[in-house]
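Have a look at the structure below before the remarks.
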Amino acid sequence: MSAQVYRISVHAGDDGTATDLVVPAHLPLAALLPDIVRLAAPEVGPGRHWRLSRLCGTVLDEDAALADQDVGDGDLLVLRDAAQPLPRFDRTDLATAVAATAAPPTDTRALRSSAGLWIALAGLVAWPVVPPGQWLSTVTAAVTLCGVTAVAVTAGRSGRRLWVGGPLAVLAVVTAAVCASQLTGGPLGPEQALLAAAAAAAMSSVLLRFGLGPPMLLTALVTGALITSAGWCAAVVWRLPVPAVGVVLAVLAFGVLTAAPRISIALTGLAPAASLTDAPVDDAAYRAAAGHRMLTGLVLGCCGVFVFASAAIGFARGSAAWPAGAVFGAAVGAALLLRGRTYASGRCRAGLTLAGVAALTATFCCTVAAIPQHGHWAAAAAVAGGVVAICHDARSESTPVVARAVEVAEYVALAAVVPTACAALGLFDVVRHASLL
C-alpha cells in the first residue's frame, strides 16, 4: 500500500473474525476511531468509549497517528470497550496457584519504626547502669539528647509524623528523662525519678507546643509524665516506698481519667453554645477532631501510668502490706475493665483493657508470691477468667438485667478504690495509732 494509507485488520468481537480496513496513516487516531467503530462493530450502539490496541494489550494513543506509533501495513489491531477488562490467562498448575494465593506485601514502616525504637530504648537502659561520677557518660548523654532532639525536630517539620516523628518524639522524651536522672550523680532513687519525670514532661510539652510529632501521642506523653512527676514528688516529700508510689500514681491517674472529658472540652473549645440562635462555628469539624485526639491522648496517658503503677505495686509481694495492695490492684483492674465499655474510641477501649489486665496481673503476682501454697487456686481463677474473656461475644446484645449488673459492678469497683488505697498506704494504721480520741 501507499505510505499515505495503511491496510489494517481490526478485531472487534469474540467470534474470531476481523474487518479489513484502509485508513490514512498520518491522521490522528481520534479522527479515525468513529469510522473504525462504525465499520468494525456496526451492531454496537452509541454511548460507549472505544480504544484501539495491539495484540499484546498496548493501547494506542488517540492524539497520535498510526504512522507515529509504529503501526505498519497489514497489522492486526484489537478494538475493545474501555470499560471491558483485559483478558486473563489463568492456569491451573500448582506454581501458578501458589503465586496467585500468596499473601500481598504489607507495609513494613510500623515494624521498622518499632524495631528501631526498641533498639534505641535498649541502648538508653545502659546509662543508669553506668557507675555514677563518670563525667564522660554525662557528656555523652547530653550529646545524644541534642542529636535525638534535632532529628525529631527535623522529622516533625518535614511532615513525617506518623512512622518517623512519633518514634523519634518518644525517643527524645525518654532520652531527656535518662539525662535528667544522671544529673545528681548518685544511685537511682525517688529524687532521680522525679527529675526524670519532670524532664520528660518538659520535653513532651515543648514537642506538643510546636507540633513536632503526632498530637495524640504527645498528649499521652505529657499526661503520663505530669502524673508521674506528681507521684514521685509525693515520694520525695514523705519518703514513700515503691509500692506506695504505685498506689499514689493509680489514684492520681483515676482522678485525671475522670476529668479527661471535661479537660478536652475546655482546652479545645467544644463547650456548647449558650443559645441555639448563635452563629454556627466555621471550624467545628477541626475542633471536634482536636477534641477527640486530646481525649484519646489523656486516656492513653492515664493508661500508661496505670501500667507503671501496677508494676510498682508488684514490689509489695514480699511485705506485710501485700493483702491491701492485692485488693487495691484487683479493684483498679476491675474498674478499668468495666470503664472501657463506656468509650466509643477503639484506642481508649484497648488502652483501658490493657491497663486493667496489667493491674490484675500485679494482683495475681502478689498473691501467688505471698501464699505459694495456695497458688493453684489463683492459677485456676486466672485460667477461668481468660476462658470467659475469650468466649465472650461483645457484639451480642445484653439483657437489661446484665447491663444493670455490670453498671453496679463498675460503681462498686470505683467505690472500693479509695478505701483500698488508704489501706495500702497504711493511713488506717496511722489514724489508729494517732490517739485522736
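For the C-alpha cells, the naming scheme is as follows: chains receive sequential letters (A, B, ...) according to their order of presentation, residues are indexed from 1 within each chain, and ligands are indexed from 1 in presentation order.
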
Q | Those in segment 262-384 of chain A with helix (DSSP H, G or I) from DSSP, as an MDAnalysis selection string | A | chainID A and resid 262:268 284:318 322:342 346:370 372:384

Q: Would you mind listing what lies within 12 Å of Ser113 of chain A as a count of residues only, with only C-alpha atoms counted and same-chain residues fewer than 4 positions away left out?
A: 18

Q: Please provide as a list of chain:residue names all residues within 12 Å of Arg287 of chain A, with the sequence filter that same-chain residues fewer than 5 positions apart are discarded (counting only C-alpha atoms).
A: A:Ser264, A:Ile265, A:Ala266, A:Leu267, A:Thr268, A:Gly269, A:Leu270, A:Ala271, A:Val281, A:Asp282, A:His292, A:Arg293, A:Met294

Export of the given selection (C-alpha atoms) as a PDB file, in the first residue's frame:
ATOM      1  CA  SER A 264     -10.558  18.015  76.476  1.00  0.00           C
ATOM      2  CA  ILE A 265     -13.756  20.060  76.079  1.00  0.00           C
ATOM      3  CA  ALA A 266     -12.271  23.056  77.880  1.00  0.00           C
ATOM      4  CA  LEU A 267      -8.932  23.041  76.041  1.00  0.00           C
ATOM      5  CA  THR A 268     -10.363  22.575  72.544  1.00  0.00           C
ATOM      6  CA  GLY A 269     -13.318  24.952  72.865  1.00  0.00           C
ATOM      7  CA  LEU A 270     -16.058  22.357  72.489  1.00  0.00           C
ATOM      8  CA  ALA A 271     -18.356  23.853  75.104  1.00  0.00           C
ATOM      9  CA  VAL A 281     -18.851  27.712  64.133  1.00  0.00           C
ATOM     10  CA  ASP A 282     -16.787  27.606  60.957  1.00  0.00           C
ATOM     11  CA  HIS A 292     -11.146  13.516  70.076  1.00  0.00           C
ATOM     12  CA  ARG A 293      -7.360  13.481  69.796  1.00  0.00           C
ATOM     13  CA  MET A 294      -6.913  15.206  73.150  1.00  0.00           C
TER      14      MET A 294
END

Q: With a distance cut-off of 8 Å and only C-alpha atoms, select the neighbouring residues of Ser9 of chain A, excluding the residue or stretch itself and same-chain residues fewer than 3 positions from it, and output the selection as JSON, numbers by chain.
A: {"A": [18, 19, 20, 21, 74, 75, 76, 77]}

Per-residue nearest contacts of segment 190-272 of chain A to segment 355-379 of chain A (12 Å; only C-alpha atoms) as JSON lines:
{"residue": "A:Pro243", "atom": "CA", "partner": "A:Ala362", "partner_atom": "CA", "distance": 11.0}
{"residue": "A:Gly246", "atom": "CA", "partner": "A:Ala359", "partner_atom": "CA", "distance": 10.7}
{"residue": "A:Val247", "atom": "CA", "partner": "A:Ala359", "partner_atom": "CA", "distance": 11.0}
{"residue": "A:Ala250", "atom": "CA", "partner": "A:Ala359", "partner_atom": "CA", "distance": 9.8}
{"residue": "A:Ala253", "atom": "CA", "partner": "A:Ala355", "partner_atom": "CA", "distance": 11.3}
{"residue": "A:Phe254", "atom": "CA", "partner": "A:Ala355", "partner_atom": "CA", "distance": 11.8}

Saved selection, atoms kept: N, CA and C atoms, as a JSON list (two decimals), in the first residue's frame:
[["chain", "number", "residue", "atom", "x", "y", "z"],
["A", 243, "PRO", "N", 5.95, 0.48, 96.41],
["A", 243, "PRO", "CA", 4.53, 0.10, 96.29],
["A", 243, "PRO", "C", 3.58, 1.24, 96.62],
["A", 246, "GLY", "N", 3.26, 3.48, 93.70],
["A", 246, "GLY", "CA", 2.33, 2.93, 92.72],
["A", 246, "GLY", "C", 0.88, 3.20, 93.07],
["A", 247, "VAL", "N", 0.54, 3.12, 94.35],
["A", 247, "VAL", "CA", -0.83, 3.40, 94.78],
["A", 247, "VAL", "C", -1.17, 4.86, 94.53],
["A", 250, "ALA", "N", -1.73, 5.48, 90.84],
["A", 250, "ALA", "CA", -3.01, 4.95, 90.36],
["A", 250, "ALA", "C", -4.17, 5.86, 90.77],
["A", 253, "ALA", "N", -4.03, 8.95, 88.60],
["A", 253, "ALA", "CA", -4.48, 8.63, 87.25],
["A", 253, "ALA", "C", -5.99, 8.47, 87.17],
["A", 254, "PHE", "N", -6.59, 7.91, 88.21],
["A", 254, "PHE", "CA", -8.05, 7.82, 88.24],
["A", 254, "PHE", "C", -8.69, 9.20, 88.25]]

Q. For Leu183 of chain A, which residue out of A:Tyr6, A:Ala100, A:Asp429, A:Thr138 is the nearest one, using only C-alpha atoms?
A. A:Thr138
